[in-house]
file run-v2.pdb (PDB, C-alpha atoms)
ATOM      1  CA  SER A   1      97.246  99.750 113.709
ATOM      2  CA  ALA A   2      97.506 102.280 110.905
ATOM      3  CA  ARG A   3      97.966 100.797 107.455
ATOM      4  CA  LYS A   4     101.524 101.324 106.278
ATOM      5  CA  ALA A   5     102.223 103.308 103.126
ATOM      6  CA  ALA A   6     102.918 101.639  99.794
ATOM      7  CA  ILE A   7     106.357 102.337  98.345
ATOM      8  CA  THR A   8     106.107 104.101  94.990
ATOM      9  CA  ALA A   9     108.459 103.523  92.045
ATOM     10  CA  ARG A  10     110.037 106.939  92.685
ATOM     11  CA  GLU A  11     110.570 106.122  96.377
ATOM     12  CA  LEU A  12     112.035 102.729  95.451
ATOM     13  CA  ALA A  13     114.522 104.465  93.132
ATOM     14  CA  ALA A  14     115.496 106.821  95.982
ATOM     15  CA  MET A  15     115.890 103.894  98.403
ATOM     16  CA  ILE A  16     118.035 101.934  95.949
ATOM     17  CA  ALA A  17     120.168 105.008  95.227
ATOM     18  CA  ALA A  18     120.574 105.521  98.987
ATOM     19  CA  ALA A  19     121.742 101.900  99.407
ATOM     20  CA  ASP A  20     124.713 102.923  97.289
ATOM     21  CA  GLY A  21     128.117 101.332  97.281
ATOM     22  CA  GLN A  22     129.598  98.011  96.285
ATOM     23  CA  GLY A  23     129.681  96.466  99.745
ATOM     24  CA  THR A  24     128.109  93.008 100.110
ATOM     25  CA  ARG A  25     125.304  94.341 102.300
ATOM     26  CA  ALA A  26     124.412  97.189  99.906
ATOM     27  CA  ILE A  27     124.260  94.799  96.916
ATOM     28  CA  ARG A  28     122.003  92.441  98.903
ATOM     29  CA  ASP A  29     119.722  95.245 100.075
ATOM     30  CA  ARG A  30     119.233  96.595  96.547
ATOM     31  CA  ALA A  31     118.206  93.107  95.366
ATOM     32  CA  ILE A  32     115.745  92.701  98.256
ATOM     33  CA  LEU A  33     114.130  96.091  97.587
ATOM     34  CA  ALA A  34     113.841  95.734  93.797
ATOM     35  CA  LEU A  35     112.722  92.093  93.834
ATOM     36  CA  GLY A  36     110.370  92.566  96.780
ATOM     37  CA  LEU A  37     108.449  95.295  94.986
ATOM     38  CA  ALA A  38     108.451  93.921  91.417
ATOM     39  CA  ALA A  39     107.415  90.409  92.496
ATOM     40  CA  ALA A  40     105.051  91.706  95.222
ATOM     41  CA  LEU A  41     106.696  89.429  97.772
ATOM     42  CA  ARG A  42     105.806  89.087 101.421
ATOM     43  CA  ARG A  43     108.669  89.173 103.923
ATOM     44  CA  SER A  44     108.147  85.440 104.524
ATOM     45  CA  GLU A  45     108.428  84.758 100.773
ATOM     46  CA  LEU A  46     111.648  86.778 100.444
ATOM     47  CA  VAL A  47     113.360  84.907 103.273
ATOM     48  CA  ALA A  48     112.105  81.504 102.027
ATOM     49  CA  LEU A  49     113.543  81.996  98.516
ATOM     50  CA  GLU A  50     116.228  79.451  97.683
ATOM     51  CA  TRP A  51     118.789  79.331  94.892
ATOM     52  CA  ARG A  52     116.835  76.522  93.144
ATOM     53  CA  ASP A  53     113.714  78.764  93.076
ATOM     54  CA  VAL A  54     115.359  81.399  90.857
ATOM     55  CA  GLU A  55     115.556  80.722  87.116
ATOM     56  CA  MET A  56     116.842  83.232  84.568
ATOM     57  CA  VAL A  57     115.100  82.863  81.198
ATOM     58  CA  ASP A  58     115.173  84.886  77.939
ATOM     59  CA  LYS A  59     112.240  87.090  78.893
ATOM     60  CA  GLY A  60     113.349  87.676  82.451
ATOM     61  CA  LEU A  61     113.156  85.775  85.705
ATOM     62  CA  LYS A  62     110.994  82.887  86.892
ATOM     63  CA  LEU A  63     110.499  82.588  90.647
ATOM     64  CA  THR A  64     109.024  79.595  92.439
ATOM     65  CA  LEU A  65     107.449  80.434  95.796
ATOM     66  CA  ARG A  66     107.284  77.207  97.785
ATOM     67  CA  HIS A  67     106.041  78.527 101.119
ATOM     68  CA  SER A  68     103.371  80.925  99.969
ATOM     69  CA  LYS A  69     100.454  81.689 102.295
ATOM     70  CA  THR A  70      98.028  81.100  99.419
ATOM     71  CA  ASP A  71      99.629  77.804  98.300
ATOM     72  CA  GLN A  72      98.193  75.295 100.754
ATOM     73  CA  GLU A  73      99.195  72.209  98.717
ATOM     74  CA  GLY A  74     102.842  73.265  98.628
ATOM     75  CA  ALA A  75     103.067  72.811  94.845
ATOM     76  CA  GLY A  76     104.843  76.125  94.476
ATOM     77  CA  GLU A  77     103.512  79.300  92.953
ATOM     78  CA  LYS A  78     105.256  80.720  89.861
ATOM     79  CA  ARG A  79     105.912  84.431  89.329
ATOM     80  CA  GLY A  80     107.381  85.928  86.178
ATOM     81  CA  LEU A  81     109.463  89.105  86.190
ATOM     82  CA  PRO A  82     110.460  90.958  83.026
ATOM     83  CA  TYR A  83     113.570  93.133  82.817
ATOM     84  CA  GLY A  84     112.936  96.580  84.285
ATOM     85  CA  SER A  85     112.982  99.626  81.996
ATOM     86  CA  ASP A  86     115.292 101.492  84.397
ATOM     87  CA  LYS A  87     118.681  99.838  84.965
ATOM     88  CA  ARG A  88     118.960 101.352  88.428
ATOM     89  CA  THR A  89     115.768  99.721  89.738
ATOM     90  CA  CYS A  90     115.637  96.595  87.525
ATOM     91  CA  PRO A  91     115.016  93.616  89.848
ATOM     92  CA  LEU A  92     116.803  91.167  87.544
ATOM     93  CA  ARG A  93     119.992  93.197  87.352
ATOM     94  CA  ALA A  94     119.922  93.755  91.127
ATOM     95  CA  LEU A  95     119.366  90.046  91.821
ATOM     96  CA  LYS A  96     122.061  88.970  89.353
ATOM     97  CA  ALA A  97     124.536  91.345  91.016
ATOM     98  CA  TRP A  98     123.715  89.781  94.397
ATOM     99  CA  LEU A  99     124.001  86.179  93.149
ATOM    100  CA  VAL A 100     127.429  86.991  91.662
ATOM    101  CA  GLU A 101     128.538  88.751  94.868
ATOM    102  CA  ALA A 102     127.264  85.964  97.139
ATOM    103  CA  LYS A 103     128.619  83.156  94.892
ATOM    104  CA  LEU A 104     125.517  81.124  95.672
ATOM    105  CA  GLU A 105     124.996  77.618  94.324
ATOM    106  CA  ALA A 106     122.476  76.318  96.850
ATOM    107  CA  GLY A 107     120.439  77.278  99.897
ATOM    108  CA  PRO A 108     118.776  80.550 100.909
ATOM    109  CA  VAL A 109     119.116  83.494  98.526
ATOM    110  CA  PHE A 110     118.994  86.278 101.111
ATOM    111  CA  ARG A 111     121.288  85.822 104.110
ATOM    112  CA  ALA A 112     122.636  87.888 106.954
ATOM    113  CA  VAL A 113     125.841  89.800 106.231
ATOM    114  CA  ASP A 114     127.966  91.121 109.102
ATOM    115  CA  ARG A 115     129.677  94.535 109.058
ATOM    116  CA  HIS A 116     132.869  92.926 107.708
ATOM    117  CA  GLY A 117     130.952  91.618 104.678
ATOM    118  CA  ARG A 118     130.938  87.998 105.866
ATOM    119  CA  MET A 119     127.807  86.091 104.862
ATOM    120  CA  ALA A 120     125.912  83.658 107.089
ATOM    121  CA  ALA A 121     124.591  80.292 105.888
ATOM    122  CA  LYS A 122     121.130  80.875 107.382
ATOM    123  CA  PRO A 123     118.418  82.951 105.703
ATOM    124  CA  LEU A 124     117.487  86.410 106.928
ATOM    125  CA  SER A 125     114.468  86.670 109.233
ATOM    126  CA  GLY A 126     111.269  88.490 108.272
ATOM    127  CA  ARG A 127     112.155  91.052 110.946
ATOM    128  CA  SER A 128     115.486  91.701 109.222
ATOM    129  CA  ILE A 129     113.678  92.399 105.930
ATOM    130  CA  ALA A 130     111.509  94.992 107.713
ATOM    131  CA  ARG A 131     114.659  96.579 109.204
ATOM    132  CA  ILE A 132     116.335  96.726 105.768
ATOM    133  CA  ILE A 133     113.275  98.492 104.320
ATOM    134  CA  LYS A 134     113.137 100.980 107.197
ATOM    135  CA  ARG A 135     116.884 101.641 107.012
ATOM    136  CA  ALA A 136     116.658 102.292 103.247
ATOM    137  CA  CYS A 137     113.687 104.625 103.816
ATOM    138  CA  HIS A 138     115.593 106.530 106.483
ATOM    139  CA  THR A 139     118.741 106.848 104.328
ATOM    140  CA  ALA A 140     116.644 108.067 101.384
ATOM    141  CA  GLY A 141     115.091 110.776 103.577
ATOM    142  CA  LEU A 142     111.660 109.115 103.748
ATOM    143  CA  GLU A 143     109.682 108.930 106.985
ATOM    144  CA  ALA A 144     110.612 105.370 107.998
ATOM    145  CA  ALA A 145     107.699 104.984 110.446
ATOM    146  CA  ARG A 146     105.226 105.144 107.537
ATOM    147  CA  TYR A 147     106.625 101.984 105.942
ATOM    148  CA  SER A 148     106.853  98.314 106.869
ATOM    149  CA  GLY A 149     107.755  94.947 105.380
ATOM    150  CA  HIS A 150     104.401  94.992 103.589
ATOM    151  CA  SER A 151     105.127  98.298 101.832
ATOM    152  CA  LEU A 152     107.005  96.646  98.935
ATOM    153  CA  ARG A 153     104.110  94.299  98.129
ATOM    154  CA  ALA A 154     101.587  97.131  98.428
ATOM    155  CA  GLY A 155     103.836  99.230  96.202
ATOM    156  CA  LEU A 156     103.504  96.834  93.267
ATOM    157  CA  VAL A 157      99.692  96.825  93.514
ATOM    158  CA  THR A 158      99.579 100.623  93.701
ATOM    159  CA  ALA A 159     102.053 101.177  90.845
ATOM    160  CA  ALA A 160     100.286  98.610  88.641
ATOM    161  CA  ALA A 161      96.881 100.173  89.355
ATOM    162  CA  LYS A 162      98.209 103.632  88.447
ATOM    163  CA  ALA A 163      99.621 102.197  85.211
ATOM    164  CA  GLY A 164      96.148 100.887  84.333
ATOM    165  CA  LYS A 165      96.930  97.169  84.754
ATOM    166  CA  SER A 166      93.893  94.917  85.096
ATOM    167  CA  THR A 167      92.859  93.482  88.470
ATOM    168  CA  HIS A 168      93.461  90.025  86.965
ATOM    169  CA  ALA A 169      97.051  90.917  85.977
ATOM    170  CA  ILE A 170      97.723  92.367  89.432
ATOM    171  CA  MET A 171      96.315  89.278  91.180
ATOM    172  CA  ARG A 172      98.427  86.993  88.996
ATOM    173  CA  GLN A 173     101.567  88.816  90.174
ATOM    174  CA  THR A 174     100.628  89.156  93.842
ATOM    175  CA  GLY A 175      98.968  85.766  94.299
ATOM    176  CA  HIS A 176      95.970  87.470  95.937
ATOM    177  CA  ARG A 177      92.873  85.264  95.926
ATOM    178  CA  SER A 178      90.510  88.073  96.911
ATOM    179  CA  VAL A 179      89.446  90.718  94.383
ATOM    180  CA  ALA A 180      88.204  92.856  97.294
ATOM    181  CA  MET A 181      91.689  93.034  98.839
ATOM    182  CA  VAL A 182      93.285  94.170  95.571
ATOM    183  CA  ALA A 183      90.395  96.580  94.875
ATOM    184  CA  ARG A 184      91.160  98.344  98.180
ATOM    185  CA  TYR A 185      94.690  99.173  96.988
ATOM    186  CA  VAL A 186      93.444 100.131  93.526
ATOM    187  CA  ARG A 187      90.911 102.559  95.028
ATOM    188  CA  ALA A 188      93.642 104.168  97.139
ATOM    189  CA  ALA A 189      95.901 104.482  94.072
ATOM    190  CA  GLN A 190      93.155 106.086  91.994
ATOM    191  CA  LEU A 191      91.875 108.488  94.655
ATOM    192  CA  PHE A 192      92.796 111.580  92.643
ATOM    193  CA  ASP A 193      92.082 110.207  89.158
ATOM    194  CA  ASP A 194      89.051 111.826  87.531
ATOM    195  CA  ASN A 195      88.277 113.443  90.882
ATOM    196  CA  ALA A 196      84.851 115.133  91.080
ATOM    197  CA  ALA A 197      86.277 118.102  92.973
ATOM    198  CA  ALA A 198      88.954 118.821  90.352
ATOM    199  CA  GLY A 199      88.543 121.386  87.594
ATOM    200  CA  ILE A 200      85.102 122.611  88.650
ATOM    201  CA  GLY A 201      86.157 126.172  89.447
ATOM    202  CA  LEU A 202      86.586 125.719  93.210
TER     203      LEU A 202
END
call {"tool": "encode", "arguments": {"input": "run-v2.pdb", "output": "structure tokens"}}
result
Amino acid sequence: SARKAAITARELAAMIAAADGQGTRAIRDRAILALGLAAALRRSELVALEWRDVEMVDKGLKLTLRHSKTDQEGAGEKRGLPYGSDKRTCPLRALKAWLVEAKLEAGPVFRAVDRHGRMAAKPLSGRSIARIIKRACHTAGLEAARYSGHSLRAGLVTAAAKAGKSTHAIMRQTGHRSVAMVARYVRAAQLFDDNAAAGIGL
């Protein structure tokens, strides 16, 4: 199957703006989108997040991923998230708004919300995360078919590569064990940087 597109920071901002409103579902969706990209989370990691795994600290947010694909011993993988420079797309502000709205004190962080704003006790499914991403893409005027649940995670790698972050720094945030896998995203992100065909009078 064709590789799905990475979501860029600009597209994320458009998706978050499109998920406008103060309804419970909109607040949840904004938190999923912002956190999913900034923490490079898989769908399975987003749905497995529990209230106890989220810790606000002075510098930002500490996440513990207990069910990570790369964490075979189950010790839990830590991810740090600083405050975002743009209030509209800051993952910490979006997550805080959701935790206040949901009044959570235990259990899954991201749960189903019906059209009346009532919240379920069970976590969302990975399929629901993919639907939320596609719906936000569609509302923002993006071609939804180009994106999937993986697009948020790929978006962090691409944005970090464009910002000149080291492969080591990217791998620390994504939990990737393979340099080759990250390098593939970095190459795609840098396709037009210092391009041999640019500025040669063609």
call {"tool": "residues_around", "arguments": {"input": "run-v2.pdb", "residues": "segment 138-155 of chain A", "least_positions_apart": "5", "cutoff": "6 Å", "atoms": "only C-alpha atoms", "output": "list in words"}}
result
Lys4, Ala5, Ala6, Ile7, Thr8, Ala14, Met15, Ala18, Gly36, Leu37, Ala40, Leu41 and Ala130 of chain A
call {"tool": "residues_around", "arguments": {"input": "run-v2.pdb", "residues": "segment 74-85 of chain A", "least_positions_apart": "4", "cutoff": "6 Å", "atoms": "all atoms listed in the file", "output": "PyMOL selection string"}}
result
chain A and resi 59-66+90
call {"tool": "residues_around", "arguments": {"input": "run-v2.pdb", "residues": "Lys87 of chain A", "least_positions_apart": "5", "cutoff": "12 Å", "atoms": "all atoms listed in the file", "output": "tab-separated table (two decimals) with C-alpha atoms, keeping the file's coordinate frame"}}
result
chain	number	residue	atom	x	y	z
A	13	ALA	CA	114.52	104.46	93.13
A	16	ILE	CA	118.04	101.93	95.95
A	17	ALA	CA	120.17	105.01	95.23
A	34	ALA	CA	113.84	95.73	93.80
A	92	LEU	CA	116.80	91.17	87.54
A	93	ARG	CA	119.99	93.20	87.35
A	94	ALA	CA	119.92	93.76	91.13
A	95	LEU	CA	119.37	90.05	91.82
A	97	ALA	CA	124.54	91.34	91.02
call {"tool": "closest_residue", "arguments": {"input": "run-v2.pdb", "among": "A:Gln173, A:Lys122, A:Asp86, A:Trp51", "to": "Lys103 of chain A", "atoms": "all atoms listed in the file"}}
result
A:Trp51
call {"tool": "atom_distance", "arguments": {"input": "run-v2.pdb", "atom1": "atom CA of Lys165 of chain A", "atom2": "atom CA of Arg10 of chain A"}}
result
18.2 Å
call {"tool": "resolve_selection", "arguments": {"input": "run-v2.pdb", "expression": "the PyMOL selection byres ((chain A and resi 124) around 7)", "output": "list in words"}}
result
Val47, Phe110, Arg111, Ala112, Lys122, Pro123, Ser125, Gly126 and Ser128 of chain A
call {"tool": "closest_residue", "arguments": {"input": "run-v2.pdb", "among": "A:Ala39, A:Ala106, A:Cys137, A:Leu46", "to": "Ile170 of chain A", "atoms": "only C-alpha atoms"}}
result
A:Ala39
call {"tool": "closest_residue", "arguments": {"input": "run-v2.pdb", "among": "A:Arg172, A:Arg52, A:Arg30, A:Arg43", "to": "Leu104 of chain A", "atoms": "all atoms listed in the file"}}
result
A:Arg52
call {"tool": "closest_residue", "arguments": {"input": "run-v2.pdb", "among": "A:Ala26, A:Ile133, A:Ala198, A:Ala163", "to": "Ala102 of chain A", "atoms": "all atoms listed in the file"}}
result
A:Ala26
call {"tool": "atom_distance", "arguments": {"input": "run-v2.pdb", "atom1": "atom CA of Asp29 of chain A", "atom2": "atom CA of Leu12 of chain A"}}
result
11.7 Å
call {"tool": "atom_distance", "arguments": {"input": "run-v2.pdb", "atom1": "atom CA of Thr24 of chain A", "atom2": "atom CA of Leu49 of chain A"}}
result
18.3 Å
call {"tool": "closest_residue", "arguments": {"input": "run-v2.pdb", "among": "A:Ala121, A:Ala19, A:Ile132, A:Ala38", "to": "Leu156 of chain A", "atoms": "only C-alpha atoms"}}
result
A:Ala38
call {"tool": "decode", "arguments": {"input": "run-v2.pdb", "residues": "segment 52-154 of chain A", "atoms": "C-alpha atoms", "output": "mmCIF file, in the first residue's frame"}}
result
data_model
loop_
_atom_site.group_PDB
_atom_site.id
_atom_site.type_symbol
_atom_site.label_atom_id
_atom_site.label_comp_id
_atom_site.auth_asym_id
_atom_site.auth_seq_id
_atom_site.Cartn_x
_atom_site.Cartn_y
_atom_site.Cartn_z
ATOM 1 C CA ARG A 52 -1.245 7.936 35.801
ATOM 2 C CA ASP A 53 1.060 8.068 32.728
ATOM 3 C CA VAL A 54 0.731 11.852 32.343
ATOM 4 C CA GLU A 55 2.823 14.074 34.620
ATOM 5 C CA MET A 56 2.988 17.859 34.325
ATOM 6 C CA VAL A 57 6.393 19.223 35.363
ATOM 7 C CA ASP A 58 8.004 22.703 35.247
ATOM 8 C CA LYS A 59 9.568 22.191 31.832
ATOM 9 C CA GLY A 60 6.540 20.572 30.268
ATOM 10 C CA LEU A 61 5.015 17.121 30.239
ATOM 11 C CA LYS A 62 6.389 13.676 31.059
ATOM 12 C CA LEU A 63 4.638 10.731 29.416
ATOM 13 C CA THR A 64 5.118 7.092 30.346
ATOM 14 C CA LEU A 65 4.342 4.667 27.522
ATOM 15 C CA ARG A 66 3.678 1.286 29.110
ATOM 16 C CA HIS A 67 2.594 -0.695 26.060
ATOM 17 C CA SER A 68 5.147 0.454 23.537
ATOM 18 C CA LYS A 69 6.061 -1.860 20.654
ATOM 19 C CA THR A 70 9.754 -1.247 21.353
ATOM 20 C CA ASP A 71 9.481 -1.830 25.130
ATOM 21 C CA GLN A 72 9.491 -5.611 25.402
ATOM 22 C CA GLU A 73 10.211 -5.685 29.164
ATOM 23 C CA GLY A 74 7.206 -3.495 29.935
ATOM 24 C CA ALA A 75 9.274 -1.097 32.066
ATOM 25 C CA GLY A 76 7.689 1.890 30.382
ATOM 26 C CA GLU A 77 9.294 4.311 27.988
ATOM 27 C CA LYS A 78 9.528 7.994 28.989
ATOM 28 C CA ARG A 79 8.895 10.876 26.585
ATOM 29 C CA GLY A 80 9.377 14.533 27.433
ATOM 30 C CA LEU A 81 7.339 17.301 25.820
ATOM 31 C CA PRO A 82 8.169 20.991 26.192
ATOM 32 C CA TYR A 83 5.542 23.723 25.906
ATOM 33 C CA GLY A 84 4.815 24.555 22.269
ATOM 34 C CA SER A 85 5.770 27.982 20.906
ATOM 35 C CA ASP A 86 2.305 28.420 19.362
ATOM 36 C CA LYS A 87 -0.573 28.413 21.865
ATOM 37 C CA ARG A 88 -2.980 27.083 19.258
ATOM 38 C CA THR A 89 -0.987 23.897 18.592
ATOM 39 C CA CYS A 90 0.753 23.456 21.978
ATOM 40 C CA PRO A 91 0.235 19.811 23.026
ATOM 41 C CA LEU A 92 0.406 20.627 26.742
ATOM 42 C CA ARG A 93 -2.278 23.291 26.596
ATOM 43 C CA ALA A 94 -4.478 21.026 24.453
ATOM 44 C CA LEU A 95 -4.022 18.076 26.826
ATOM 45 C CA LYS A 96 -4.639 20.207 29.923
ATOM 46 C CA ALA A 97 -7.865 21.524 28.377
ATOM 47 C CA TRP A 98 -8.995 17.933 27.756
ATOM 48 C CA LEU A 99 -8.099 16.717 31.268
ATOM 49 C CA VAL A 100 -10.087 19.623 32.758
ATOM 50 C CA GLU A 101 -13.041 18.958 30.426
ATOM 51 C CA ALA A 102 -13.024 15.197 31.067
ATOM 52 C CA LYS A 103 -12.497 15.580 34.854
ATOM 53 C CA LEU A 104 -10.225 12.549 34.778
ATOM 54 C CA GLU A 105 -8.631 11.128 37.912
ATOM 55 C CA ALA A 106 -7.923 7.588 36.736
ATOM 56 C CA GLY A 107 -8.160 5.260 33.756
ATOM 57 C CA PRO A 108 -7.773 5.875 30.019
ATOM 58 C CA VAL A 109 -6.989 9.425 28.903
ATOM 59 C CA PHE A 110 -8.704 9.301 25.514
ATOM 60 C CA ARG A 111 -12.245 7.916 25.526
ATOM 61 C CA ALA A 112 -15.216 7.779 23.216
ATOM 62 C CA VAL A 113 -17.591 10.741 23.406
ATOM 63 C CA ASP A 114 -21.120 10.452 22.003
ATOM 64 C CA ARG A 115 -22.854 13.252 20.069
ATOM 65 C CA HIS A 116 -24.461 14.500 23.302
ATOM 66 C CA GLY A 117 -21.010 14.990 24.853
ATOM 67 C CA ARG A 118 -21.286 11.978 27.171
ATOM 68 C CA MET A 119 -17.967 10.228 27.775
ATOM 69 C CA ALA A 120 -17.464 6.459 27.890
ATOM 70 C CA ALA A 121 -15.326 4.697 30.506
ATOM 71 C CA LYS A 122 -13.470 2.618 27.901
ATOM 72 C CA PRO A 123 -10.539 3.915 25.849
ATOM 73 C CA LEU A 124 -10.886 4.798 22.184
ATOM 74 C CA SER A 125 -9.822 2.151 19.663
ATOM 75 C CA GLY A 126 -6.888 2.604 17.285
ATOM 76 C CA ARG A 127 -9.441 2.696 14.463
ATOM 77 C CA SER A 128 -11.196 5.626 16.144
ATOM 78 C CA ILE A 129 -7.903 7.556 16.279
ATOM 79 C CA ALA A 130 -7.480 7.028 12.518
ATOM 80 C CA ARG A 131 -11.062 8.259 11.958
ATOM 81 C CA ILE A 132 -10.431 11.376 14.084
ATOM 82 C CA ILE A 133 -7.320 12.186 12.025
ATOM 83 C CA LYS A 134 -9.158 11.677 8.731
ATOM 84 C CA ARG A 135 -12.144 13.734 9.899
ATOM 85 C CA ALA A 136 -9.845 16.605 10.960
ATOM 86 C CA CYS A 137 -8.041 16.419 7.597
ATOM 87 C CA HIS A 138 -11.340 16.533 5.732
ATOM 88 C CA THR A 139 -12.660 19.481 7.786
ATOM 89 C CA ALA A 140 -9.393 21.373 7.234
ATOM 90 C CA GLY A 141 -9.718 20.887 3.463
ATOM 91 C CA LEU A 142 -6.868 18.361 3.224
ATOM 92 C CA GLU A 143 -7.135 15.233 1.087
ATOM 93 C CA ALA A 144 -8.077 12.762 3.838
ATOM 94 C CA ALA A 145 -7.110 9.669 1.807
ATOM 95 C CA ARG A 146 -3.443 10.741 1.911
ATOM 96 C CA TYR A 147 -3.292 10.483 5.706
ATOM 97 C CA SER A 148 -3.606 7.717 8.281
ATOM 98 C CA GLY A 149 -3.093 7.059 11.979
ATOM 99 C CA HIS A 150 0.647 6.938 11.300
ATOM 100 C CA SER A 151 0.716 10.438 9.788
ATOM 101 C CA LEU A 152 1.070 12.179 13.178
ATOM 102 C CA ARG A 153 4.133 10.123 14.143
ATOM 103 C CA ALA A 154 5.677 10.607 10.699
#
